[in-house]
Amino acid sequence: MKKPSAPSITSLPLSPDEERRHRMIKYSVAMGVRVLCLIAAVIVPGWWAAIPLVLAIFLPYFAVVIANVSVEQGRVDVQRPGSIVPVAPPPPRAPGEEPREGQ
């Protein structure tokens, strides 16, 4: 019979604060790229300015989608810290028998 492995602290998911921080960084980077697209639209001459403008228009949607993608794609399911072991009930006591220690 195979003994269940003990859960590891590394198998636990990120805390909500850490996950939020990662999402905010991803979103901030995408919005920084959007600002660069807007600046490029002003600098680039002619109809080529339309390319950065189109990117600046659609980038917020993709930024939200990218930021909300799960941070931990390769992780396994969270293991609970312990296992439920079925315990047989104690044998019935004979009349007049004193309970043993731990019962």
# chains A, B, ... in the order shown; residues from 1 in each chain; ligands from 1
call {"tool": "residues_around", "arguments": {"residues": "Ala41 of chain A", "least_positions_apart": "5", "cutoff": "9 Å", "atoms": "only C-alpha atoms", "output": "MDAnalysis selection string"}}
result
chainID A and resid 36 48:53
call {"tool": "residues_around", "arguments": {"residues": "Ile25 of chain A", "least_positions_apart": "6", "cutoff": "12 Å", "atoms": "only C-alpha atoms", "output": "ChimeraX atom specification"}}
result
/A:18-19,31-32,63-64,66-68,71
call {"tool": "write_last_selection", "arguments": {"atoms": "N, CA and C atoms", "output": "tab-separated table (two decimals), in the first residue's frame"}}
result
chain	number	residue	atom	x	y	z
A	18	GLU	N	-0.34	38.44	-3.52
A	18	GLU	CA	0.71	38.20	-4.51
A	18	GLU	C	0.12	38.07	-5.91
A	19	GLU	N	-0.99	37.36	-6.02
A	19	GLU	CA	-1.62	37.19	-7.32
A	19	GLU	C	-2.10	38.54	-7.87
A	31	MET	N	-0.40	48.80	-20.29
A	31	MET	CA	-0.82	50.19	-20.43
A	31	MET	C	0.36	51.09	-20.76
A	32	GLY	N	1.56	50.73	-20.32
A	32	GLY	CA	2.76	51.46	-20.71
A	32	GLY	C	3.01	51.34	-22.21
A	63	ALA	N	-5.08	43.69	-22.58
A	63	ALA	CA	-4.39	43.86	-21.30
A	63	ALA	C	-5.19	43.24	-20.16
A	64	VAL	N	-6.49	43.44	-20.19
A	64	VAL	CA	-7.34	42.85	-19.14
A	64	VAL	C	-7.35	41.34	-19.25
A	66	ILE	N	-5.04	39.37	-20.61
A	66	ILE	CA	-3.72	38.86	-20.23
A	66	ILE	C	-3.51	38.95	-18.72
A	67	ALA	N	-3.95	40.03	-18.11
A	67	ALA	CA	-3.76	40.20	-16.66
A	67	ALA	C	-4.59	39.20	-15.86
A	68	ASN	N	-5.72	38.78	-16.39
A	68	ASN	CA	-6.58	37.86	-15.64
A	68	ASN	C	-6.32	36.40	-15.93
A	71	VAL	N	-1.95	32.87	-13.07
A	71	VAL	CA	-0.51	33.05	-12.92
A	71	VAL	C	0.19	31.70	-12.91
call {"tool": "closest_residue", "arguments": {"among": "A:Trp47, A:Ala94, A:Tyr27, A:Asp17", "to": "Tyr61 of chain A", "atoms": "only C-alpha atoms"}}
result
A:Tyr27
call {"tool": "closest_residue", "arguments": {"among": "A:Val44, A:Val54, A:Pro60, A:Pro90", "to": "Val29 of chain A", "atoms": "only C-alpha atoms"}}
result
A:Pro60
call {"tool": "closest_residue", "arguments": {"among": "A:Gly46, A:Val69, A:Leu59, A:Val87", "to": "Arg20 of chain A", "atoms": "only C-alpha atoms"}}
result
A:Val69
call {"tool": "select_by_dssp", "arguments": {"residues": "segment 22-73 of chain A", "states": "alpha helix (DSSP H)", "output": "PDB file with C-alpha atoms, in the first residue's frame"}}
result
ATOM      1  CA  HIS A  22       1.316  40.005 -10.505  1.00  0.00           C
ATOM      2  CA  ARG A  23      -1.870  40.982 -12.342  1.00  0.00           C
ATOM      3  CA  MET A  24      -1.295  44.681 -11.666  1.00  0.00           C
ATOM      4  CA  ILE A  25       2.259  44.448 -13.028  1.00  0.00           C
ATOM      5  CA  LYS A  26       1.048  42.739 -16.220  1.00  0.00           C
ATOM      6  CA  TYR A  27      -1.695  45.332 -16.699  1.00  0.00           C
ATOM      7  CA  SER A  28       0.667  48.242 -15.996  1.00  0.00           C
ATOM      8  CA  VAL A  29       3.173  46.997 -18.558  1.00  0.00           C
ATOM      9  CA  ALA A  30       0.408  46.671 -21.171  1.00  0.00           C
ATOM     10  CA  MET A  31      -0.820  50.191 -20.426  1.00  0.00           C
ATOM     11  CA  GLY A  32       2.757  51.464 -20.715  1.00  0.00           C
ATOM     12  CA  VAL A  33       2.904  49.925 -24.182  1.00  0.00           C
ATOM     13  CA  ARG A  34      -0.383  51.677 -24.966  1.00  0.00           C
ATOM     14  CA  VAL A  35       1.094  55.037 -23.980  1.00  0.00           C
ATOM     15  CA  LEU A  36       4.068  54.331 -26.248  1.00  0.00           C
ATOM     16  CA  CYS A  37       1.629  53.544 -29.087  1.00  0.00           C
ATOM     17  CA  LEU A  38      -0.114  56.888 -28.558  1.00  0.00           C
ATOM     18  CA  ILE A  39       3.218  58.720 -28.581  1.00  0.00           C
ATOM     19  CA  ALA A  40       4.252  56.831 -31.720  1.00  0.00           C
ATOM     20  CA  ALA A  41       0.955  57.802 -33.391  1.00  0.00           C
ATOM     21  CA  VAL A  42       1.850  61.469 -32.891  1.00  0.00           C
ATOM     22  CA  ILE A  43       5.451  61.047 -34.087  1.00  0.00           C
ATOM     23  CA  ALA A  50      -3.029  54.484 -37.945  1.00  0.00           C
ATOM     24  CA  ILE A  51      -1.150  51.327 -36.900  1.00  0.00           C
ATOM     25  CA  PRO A  52      -0.181  52.556 -33.408  1.00  0.00           C
ATOM     26  CA  LEU A  53      -3.644  54.119 -33.005  1.00  0.00           C
ATOM     27  CA  VAL A  54      -5.346  50.797 -33.740  1.00  0.00           C
ATOM     28  CA  LEU A  55      -3.014  49.065 -31.298  1.00  0.00           C
ATOM     29  CA  ALA A  56      -3.772  51.718 -28.655  1.00  0.00           C
ATOM     30  CA  ILE A  57      -7.508  51.190 -29.150  1.00  0.00           C
ATOM     31  CA  PHE A  58      -7.492  47.408 -28.803  1.00  0.00           C
ATOM     32  CA  LEU A  59      -4.686  47.017 -26.267  1.00  0.00           C
ATOM     33  CA  PRO A  60      -6.840  47.688 -23.143  1.00  0.00           C
ATOM     34  CA  TYR A  61      -9.043  44.681 -23.948  1.00  0.00           C
ATOM     35  CA  PHE A  62      -6.044  42.400 -24.404  1.00  0.00           C
ATOM     36  CA  ALA A  63      -4.386  43.858 -21.300  1.00  0.00           C
ATOM     37  CA  VAL A  64      -7.343  42.851 -19.143  1.00  0.00           C
ATOM     38  CA  VAL A  65      -7.464  39.368 -20.656  1.00  0.00           C
ATOM     39  CA  ILE A  66      -3.717  38.856 -20.231  1.00  0.00           C
ATOM     40  CA  ALA A  67      -3.762  40.201 -16.661  1.00  0.00           C
ATOM     41  CA  ASN A  68      -6.581  37.865 -15.641  1.00  0.00           C
TER      42      ASN A  68
END
